[in-house]
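So this one's start.txt, compact mmCIF, C-alpha atoms and all ligand atoms:
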# COMPACT_ATOMS: atom_id res chain seq x y z
CA MET A 215 0.00 0.00 0.00
CA SER A 216 1.46 3.39 -0.90
CA VAL A 217 2.00 5.85 1.92
CA VAL A 218 0.61 9.36 1.52
CA LYS A 219 2.72 12.22 2.82
CA THR A 220 0.88 15.51 3.24
CA LEU A 221 2.38 18.96 2.84
CA GLY A 222 2.02 19.50 6.59
CA GLN A 223 3.88 16.30 7.43
CA PHE A 224 6.58 17.07 4.87
CA ILE A 225 7.14 20.60 6.17
CA ILE A 226 7.59 19.36 9.73
CA GLU A 227 9.94 16.59 8.57
CA LYS A 228 12.05 19.11 6.63
CA GLN A 229 12.42 21.37 9.64
CA LYS A 230 15.24 19.01 10.64
CA ASP A 231 17.29 20.50 7.76
CA PHE A 232 17.42 23.72 9.75
CA PRO A 233 18.61 22.72 13.25
CA TYR A 234 18.02 26.14 14.80
CA ALA A 235 14.58 26.56 13.24
CA LYS A 236 11.77 27.41 15.61
CA GLY A 237 9.03 26.31 13.27
CA GLU A 238 8.14 29.83 12.12
CA LEU A 239 8.88 29.24 8.44
CA SER A 240 7.02 25.94 8.66
CA ARG A 241 3.98 27.74 10.05
CA LEU A 242 4.22 30.39 7.35
CA LEU A 243 4.27 27.73 4.62
CA ARG A 244 1.34 26.02 6.29
CA ASP A 245 -0.62 29.34 6.26
CA ILE A 246 0.09 29.74 2.53
CA GLY A 247 -1.08 26.16 1.93
CA ILE A 248 -4.36 26.85 3.72
CA ALA A 249 -5.04 30.03 1.75
CA ALA A 250 -4.21 28.14 -1.45
CA LYS A 251 -6.89 25.57 -0.68
CA ILE A 252 -9.49 28.28 -0.17
CA VAL A 253 -8.50 30.03 -3.40
CA ASN A 254 -8.55 26.68 -5.19
CA ARG A 255 -12.12 26.11 -4.01
CA GLU A 256 -13.24 29.44 -5.46
CA VAL A 257 -11.28 29.07 -8.72
CA ASN A 258 -12.88 25.68 -9.26
CA LYS A 259 -16.41 26.86 -8.81
CA ALA A 260 -15.83 30.12 -10.64
CA GLY A 261 -18.28 29.22 -13.38
CA LEU A 262 -21.03 28.39 -10.91
CA VAL A 263 -21.27 31.62 -9.00
CA ASN A 264 -21.06 35.22 -9.88
CA ILE A 265 -17.36 35.71 -9.34
CA LEU A 266 -16.09 35.70 -12.88
CA GLY A 267 -15.33 38.93 -14.70
CA ASP A 268 -13.96 42.34 -13.83
CA GLU A 269 -14.41 44.03 -10.50
CA GLY A 270 -14.49 47.42 -12.24
CA THR A 271 -11.29 48.58 -10.57
CA THR A 272 -7.66 48.69 -11.69
CA ASN A 273 -4.45 47.84 -9.83
CA SER A 274 -1.36 50.02 -9.64
CA HIS A 275 -0.27 48.89 -13.10
CA GLY A 276 -3.53 50.08 -14.68
CA GLU A 277 -4.68 46.50 -15.25
CA SER A 278 -8.31 45.70 -14.64
CA GLN A 279 -8.78 43.57 -11.55
CA LYS A 280 -10.81 40.39 -11.76
CA LYS A 281 -13.10 39.51 -8.89
CA LEU A 282 -11.03 36.40 -8.24
CA ASP A 283 -7.82 38.49 -8.17
CA ILE A 284 -9.27 40.49 -5.33
CA PHE A 285 -10.64 37.42 -3.57
CA ALA A 286 -7.28 35.62 -3.76
CA ASN A 287 -5.42 38.71 -2.56
CA HIS A 288 -7.75 39.01 0.40
CA GLN A 289 -7.38 35.31 1.31
CA PHE A 290 -3.59 35.34 1.29
CA ILE A 291 -3.38 38.61 3.21
CA SER A 292 -5.84 37.28 5.83
CA ALA A 293 -4.00 33.97 6.20
CA LEU A 294 -0.64 35.71 6.57
CA THR A 295 -2.02 38.30 8.97
CA CYS A 296 -3.75 35.74 11.22
CA GLY A 297 -0.86 33.27 11.04
CA GLY A 298 1.44 35.61 12.95
CA GLU A 299 4.73 34.83 11.19
CA CYS A 300 4.70 37.60 8.57
CA CYS A 301 5.44 41.26 9.27
CA LEU A 302 5.26 42.66 5.75
CA ILE A 303 3.45 41.70 2.56
CA VAL A 304 4.12 42.92 -0.96
CA SER A 305 1.33 42.04 -3.36
CA GLU A 306 0.88 42.65 -7.05
CA GLU A 307 -2.60 43.90 -6.21
CA ASN A 308 -1.51 46.58 -3.71
CA ASP A 309 0.45 49.69 -4.63
CA ASP A 310 2.05 49.95 -1.20
CA PRO A 311 3.60 47.35 1.09
CA ILE A 312 1.26 46.04 3.79
CA PHE A 313 2.76 46.29 7.27
CA ILE A 314 1.20 43.81 9.67
CA GLU A 315 1.00 45.35 13.08
CA SER A 316 -1.30 43.01 14.98
CA ASP A 317 -0.04 41.87 18.39
CA VAL A 318 0.22 38.27 17.37
CA SER A 319 2.81 39.05 14.71
CA HIS A 320 4.72 41.56 16.81
CA ASN A 321 7.96 39.65 16.49
CA ALA A 322 7.29 38.13 13.11
CA LYS A 323 10.44 38.04 11.02
CA TYR A 324 9.28 37.06 7.55
CA ILE A 325 8.34 39.10 4.52
CA VAL A 326 6.10 37.59 1.87
CA CYS A 327 5.95 38.89 -1.69
CA ILE A 328 3.04 37.49 -3.63
CA ASP A 329 1.19 37.50 -6.91
CA PRO A 330 -2.10 36.12 -5.58
CA LEU A 331 -3.57 35.14 -8.94
CA ASP A 332 -1.21 35.24 -11.88
CA GLY A 333 -2.52 34.90 -15.41
CA SER A 334 -5.94 36.04 -14.28
CA SER A 335 -6.94 37.11 -17.79
CA ASN A 336 -7.34 33.33 -18.29
CA ILE A 337 -9.94 32.87 -15.56
CA ASP A 338 -12.99 33.61 -17.67
CA VAL A 339 -12.00 30.96 -20.22
CA ASN A 340 -11.25 28.09 -17.84
CA VAL A 341 -7.51 28.09 -18.39
CA SER A 342 -5.01 27.45 -15.59
CA VAL A 343 -4.04 30.29 -13.30
CA GLY A 344 -1.68 30.32 -10.34
CA THR A 345 -0.23 31.95 -7.25
CA ILE A 346 3.45 32.83 -6.85
CA PHE A 347 5.12 33.59 -3.52
CA SER A 348 8.52 34.51 -2.25
CA ILE A 349 9.69 34.64 1.37
CA TYR A 350 12.50 36.76 2.87
CA ARG A 351 13.77 37.24 6.39
CA ARG A 352 13.60 40.84 7.57
CA LYS A 353 16.97 42.57 7.84
CA SER A 354 16.01 45.42 10.13
CA THR A 355 16.30 44.34 13.73
CA GLU A 356 13.75 46.42 15.59
CA GLY A 357 10.52 48.37 15.24
CA LYS A 358 8.45 48.39 12.12
CA PRO A 359 10.03 46.67 9.12
CA THR A 360 11.28 49.04 6.45
CA LEU A 361 10.75 49.27 2.71
CA GLN A 362 14.35 48.09 2.32
CA ASP A 363 13.32 44.81 3.98
CA ALA A 364 11.11 44.19 0.97
CA LEU A 365 13.72 45.23 -1.60
CA GLN A 366 16.20 42.40 -1.07
CA ARG A 367 17.89 40.63 -3.97
CA GLY A 368 16.49 37.30 -5.09
CA THR A 369 19.54 35.53 -3.69
CA GLU A 370 18.25 36.40 -0.20
CA GLN A 371 15.04 34.39 -0.57
CA VAL A 372 14.55 31.76 2.10
CA ALA A 373 11.70 30.06 0.30
CA ALA A 374 9.59 30.44 -2.82
CA GLY A 375 6.80 28.53 -4.44
CA TYR A 376 3.86 28.50 -6.76
CA ILE A 377 0.43 26.98 -6.86
CA VAL A 378 -1.02 26.04 -10.21
CA TYR A 379 -4.80 25.74 -10.30
CA GLY A 380 -4.97 23.42 -13.28
CA SER A 381 -6.48 20.13 -14.31
CA SER A 382 -5.27 19.22 -10.85
CA THR A 383 -4.03 21.73 -8.32
CA MET A 384 -0.39 21.60 -7.33
CA LEU A 385 1.81 23.42 -4.86
CA VAL A 386 5.52 23.44 -5.67
CA TYR A 387 8.06 25.03 -3.33
CA THR A 388 11.68 25.26 -2.36
CA THR A 389 13.49 26.33 0.79
CA GLY A 390 16.82 26.23 -1.03
CA LYS A 391 17.30 22.49 -0.72
CA GLY A 392 15.69 21.22 -3.88
CA VAL A 393 12.13 21.48 -5.12
CA ASN A 394 9.15 19.38 -4.14
CA GLY A 395 5.67 19.25 -5.63
CA PHE A 396 2.37 18.39 -3.94
CA THR A 397 -0.93 17.62 -5.61
CA LEU A 398 -4.17 18.52 -3.92
CA ASP A 399 -6.28 15.47 -3.23
CA PRO A 400 -9.77 16.98 -3.07
CA SER A 401 -11.19 13.88 -1.39
CA ILE A 402 -9.13 14.53 1.76
CA GLY A 403 -8.50 18.24 1.24
CA GLU A 404 -4.73 17.87 1.53
CA PHE A 405 -1.74 18.61 -0.66
CA CYS A 406 0.07 15.26 -0.97
CA LEU A 407 3.69 14.78 -2.01
CA SER A 408 3.50 13.67 -5.64
CA HIS A 409 6.67 15.10 -7.22
CA PRO A 410 9.62 14.68 -4.81
CA ASP A 411 12.92 16.35 -5.69
CA MET A 412 11.82 17.87 -9.00
CA LYS A 413 14.49 18.40 -11.66
CA ILE A 414 14.06 20.28 -14.90
CA PRO A 415 15.64 18.44 -17.87
CA GLU A 416 18.91 20.03 -19.01
CA ASP A 417 17.65 20.13 -22.58
CA GLY A 418 14.14 20.70 -23.80
CA TYR A 419 12.17 20.94 -27.01
CA ILE A 420 9.47 23.46 -26.11
CA TYR A 421 9.71 27.24 -26.33
CA SER A 422 7.13 29.53 -24.76
CA ILE A 423 6.89 33.14 -25.84
CA ASN A 424 4.16 35.52 -26.98
CA GLU A 425 5.18 35.63 -30.63
CA GLY A 426 2.54 38.28 -31.31
CA ASN A 427 5.17 40.73 -30.05
CA TYR A 428 7.79 39.40 -32.51
CA ILE A 429 8.26 42.58 -34.48
CA ASN A 430 9.33 44.42 -31.35
CA PHE A 431 11.65 41.79 -29.87
CA PRO A 432 15.40 42.44 -29.62
CA ASP A 433 17.32 40.89 -32.52
CA GLY A 434 18.82 38.21 -30.26
CA VAL A 435 15.34 36.94 -29.38
CA LYS A 436 14.26 37.00 -33.04
CA LYS A 437 17.33 34.92 -33.94
CA TYR A 438 16.62 32.49 -31.10
CA ILE A 439 13.02 32.00 -32.26
CA LYS A 440 14.28 31.27 -35.78
CA PHE A 441 16.79 28.81 -34.30
CA CYS A 442 13.91 27.02 -32.51
CA GLN A 443 11.99 26.79 -35.77
CA GLU A 444 14.81 25.53 -38.00
CA GLU A 445 14.78 21.90 -39.07
CA ASP A 446 17.64 19.84 -37.58
CA PRO A 447 16.73 16.29 -36.56
CA SER A 448 20.04 15.86 -34.69
CA THR A 449 18.91 18.49 -32.15
CA LYS A 450 15.23 17.55 -32.39
CA ARG A 451 14.38 20.83 -34.07
CA PRO A 452 12.01 22.35 -34.90
CA TYR A 453 10.94 22.67 -31.29
CA SER A 454 7.29 22.87 -30.28
CA SER A 455 5.81 26.23 -29.44
CA ARG A 456 3.49 26.28 -26.40
CA TYR A 457 2.19 29.47 -24.84
CA ILE A 458 -0.67 29.40 -22.37
CA GLY A 459 -0.35 33.03 -21.30
CA SER A 460 -0.25 31.97 -17.67
CA MET A 461 3.38 31.99 -16.62
CA ILE A 462 3.01 29.39 -13.90
CA ALA A 463 1.27 26.92 -16.17
CA ASP A 464 3.86 27.50 -18.92
CA MET A 465 6.77 27.14 -16.49
CA HIS A 466 5.29 24.16 -14.70
CA ARG A 467 4.99 22.31 -17.99
CA ASN A 468 8.54 23.28 -18.93
CA MET A 469 9.79 22.20 -15.52
CA ILE A 470 8.41 18.71 -16.06
CA LYS A 471 9.04 18.28 -19.79
CA GLY A 472 11.98 20.64 -20.34
CA GLY A 473 11.68 23.93 -22.17
CA ILE A 474 12.30 27.65 -22.10
CA PHE A 475 9.95 30.49 -21.18
CA LEU A 476 10.82 33.97 -22.41
CA TYR A 477 9.26 37.35 -21.73
CA PRO A 478 11.73 39.77 -23.34
CA PRO A 479 11.51 43.53 -23.60
CA THR A 480 9.11 44.83 -26.23
CA SER A 481 8.60 48.37 -27.48
CA SER A 482 5.54 48.77 -25.25
CA SER A 483 7.30 47.19 -22.24
CA PRO A 484 10.98 48.14 -22.70
CA LYS A 485 11.90 46.48 -19.41
CA GLY A 486 9.75 43.40 -20.00
CA LYS A 487 6.30 42.85 -18.56
CA LEU A 488 6.77 40.58 -15.59
CA ARG A 489 7.58 41.85 -12.10
CA LEU A 490 10.91 41.09 -10.48
CA VAL A 491 9.86 40.86 -6.83
CA TYR A 492 6.86 38.51 -6.90
CA GLU A 493 7.07 36.86 -10.34
CA CYS A 494 10.62 36.58 -11.69
CA ASN A 495 12.63 36.14 -8.47
CA PRO A 496 10.52 33.31 -7.01
CA MET A 497 10.34 31.48 -10.33
CA ALA A 498 14.10 31.94 -10.85
CA PHE A 499 14.80 30.52 -7.36
CA ILE A 500 12.59 27.49 -7.98
CA ILE A 501 13.97 26.79 -11.45
CA GLU A 502 17.59 27.14 -10.29
CA GLN A 503 16.88 24.81 -7.39
CA ALA A 504 15.51 22.32 -9.91
CA GLY A 505 18.76 22.56 -11.90
CA GLY A 506 17.64 25.11 -14.49
CA ARG A 507 18.69 28.65 -15.33
CA ALA A 508 17.06 32.09 -15.14
CA THR A 509 18.47 35.33 -16.57
CA ASP A 510 17.27 38.48 -18.28
CA GLY A 511 19.28 37.46 -21.34
CA PHE A 512 22.51 38.77 -19.83
CA GLN A 513 22.38 38.70 -16.05
CA ARG A 514 21.20 36.22 -13.45
CA ILE A 515 17.74 37.22 -12.27
CA LEU A 516 18.49 36.42 -8.61
CA GLU A 517 21.38 38.91 -8.54
CA MET A 518 19.47 41.83 -9.99
CA GLU A 519 19.23 44.94 -7.89
CA VAL A 520 15.71 45.56 -6.60
CA GLU A 521 14.88 49.25 -6.73
CA SER A 522 11.12 49.26 -6.41
CA LEU A 523 8.36 46.90 -5.37
CA HIS A 524 6.66 46.62 -8.74
CA GLN A 525 9.77 46.81 -10.92
CA ARG A 526 9.58 44.92 -14.20
CA CYS A 527 12.26 42.79 -15.77
CA SER A 528 12.64 40.56 -18.78
CA ILE A 529 13.11 36.87 -18.19
CA PHE A 530 14.65 33.87 -19.96
CA VAL A 531 14.05 30.83 -17.78
CA GLY A 532 14.01 27.06 -18.06
CA SER A 533 16.27 24.22 -19.15
CA GLU A 534 19.93 25.13 -18.69
CA ASN A 535 21.08 24.50 -22.27
CA MET A 536 18.13 26.26 -23.87
CA VAL A 537 18.58 29.39 -21.76
CA ARG A 538 22.33 29.40 -22.49
CA LYS A 539 21.64 29.22 -26.22
CA ALA A 540 19.19 32.13 -26.03
CA GLU A 541 21.79 34.12 -24.05
CA ASP A 542 24.41 33.41 -26.75
CA MET A 543 22.04 34.89 -29.31
CA MET A 544 21.47 37.95 -27.12
CA MET A 545 25.23 38.47 -26.74
CA LYS A 546 25.80 38.20 -30.48
CA TYR A 547 22.86 40.11 -31.87
CA SER A 548 21.30 42.43 -29.24
P1 LIG B 601 -0.69 39.19 -14.65
O1 LIG B 601 0.18 39.16 -13.43
O2 LIG B 601 -1.33 40.52 -14.85
O3 LIG B 601 -1.68 38.06 -14.69
O4 LIG B 601 0.29 39.07 -15.92
C1 LIG B 601 1.25 38.09 -15.95
C2 LIG B 601 0.95 37.14 -17.05
C3 LIG B 601 1.81 35.92 -17.02
O5 LIG B 601 1.23 34.89 -16.29
C4 LIG B 601 1.88 35.57 -18.47
O6 LIG B 601 3.00 34.79 -18.78
C5 LIG B 601 1.91 36.90 -19.13
O7 LIG B 601 1.26 37.80 -18.26
C6 LIG B 601 1.20 36.92 -20.44
O8 LIG B 601 1.36 38.18 -21.00
P2 LIG B 601 1.02 38.41 -22.55
O9 LIG B 601 -0.46 38.30 -22.66
O10 LIG B 601 1.54 39.79 -22.80
O11 LIG B 601 1.74 37.37 -23.33
MG MG B 602 1.16 38.30 -12.32

Taking this structure as input, can you express it in the form of structure tokens?
Ligand code: AHM
Ligand code: MG
Amino acid sequence: MSVVKTLGQFIIEKQKDFPYAKGELSRLLRDIGIAAKIVNREVNKAGLVNILGDEGTTNSHGESQKKLDIFANHQFISALTCGGECCLIVSEENDDPIFIESDVSHNAKYIVCIDPLDGSSNIDVNVSVGTIFSIYRRKSTEGKPTLQDALQRGTEQVAAGYIVYGSSTMLVYTTGKGVNGFTLDPSIGEFCLSHPDMKIPEDGYIYSINEGNYINFPDGVKKYIKFCQEEDPSTKRPYSSRYIGSMIADMHRNMIKGGIFLYPPTSSSPKGKLRLVYECNPMAFIIEQAGGRATDGFQRILEMEVESLHQRCSIFVGSENMVRKAEDMMMKYS
């Protein structure tokens, strides 16, 4: 009989990796897991109740907010506030950082940066969406945490993860010692370890990019796309093109099958579209921990300087050899 290991059991077991740990990070991860289950419940019944569509408001980036975006944001903020281990939240849906001042979290030492519902333009059409989170330890030692606490480089992350609400719902996370994936078993309401020690293949045959922006891509990216499309059976080209438009779903597929995901600069988004703090850094940490590579075409994402909470950056992420090839093209042609 196979033995089921739940996320909760796994987190407690892994606490042994950190001998001086007091269980705070474990509790924080547990809180995120609980909020994820609530969001999953709503995402799954989205067609049944009146929660699809726009809320009629926009976030700080001028993007219209979906009702589920707002719901997910609220759930994660509530879980992190009540849980007591988080002192500061940065969310894609909030212009300003959220300082948690309740008594219970007085001495909380973690900062959580989150995109509560990424790819939400896909909600209305039943396509996978996800949550991305990144966890840092606060650097300031007393009083209220500072903005600088939230502007740490990606290399300072203590944990990061994503939840993909797909044909099944999965939570994948790392604390810097490999990557593990858990699938939600709805019959028992638990995330169960289904993908231990995930590794992204070194080579892949899938490229994911919004080719509608082709005309505005840097020359290096145009050359790389042509390289992917050329016929060369010895390197299994042409590669397949797959683009869901939901970064987590695209990256999750690439993580399992091998592949590259690119969101380069375009003329309308000269710095790329995706956000460094709660999209690119956590995904870069996870992919590197799985043996892959993440850069902006020139520089490692995790080493990039963080100047503002909602800063954008371009990203080339996925199988090591594919990302290296794309970087070569950027060096030569861009
Ligand atoms: P969002 O955070 O507003 O949902 O935007 C991020 C999403 C990513 O999930 C996805 O990869 C990308 O935007 C798609 O953008 P585009 O439609 O420009 O290709
Ligand atoms: Mg997003």

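Atom to atom, CA of Lys219 in chain A and CA of Val393 in chain A stand 15.4 Å apart.
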
Next on the checklist: So that I can see what lies close to range 373-389 of chain A, please list as a PyMOL selection string the residues with an atom at most 6 Å from it, counting all atoms listed in the file and leaving out residues fewer than 4 positions away in the same chain.
Outcome noted: chain A and resi 342-349+393-398+496

Checklist entry - Which residues, written as a PyMOL selection string, have at least one atom at most 10 Å from range 454-463 of chain A, with all atoms listed in the file counted and residues fewer than 5 positions away on the same chain left out? => result chain A and resi 331-337+341-346+376-380+418-425+439+442-443+468-469+473-477+488+493-494+497

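Among the candidate residues A:Asn340, A:Thr272, A:Ser408, A:Thr360, the one lying nearest to ligand LIG 601 (chain B) is A:Thr272, with distances computed using all atoms listed in the file.
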
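Here CA of Val372 in chain A is placed at a distance of 17.7 Å from CA of Asn321 in chain A.
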
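Here CA of Ser522 in chain A and CA of Leu365 in chain A stand 6.8 Å from one another.
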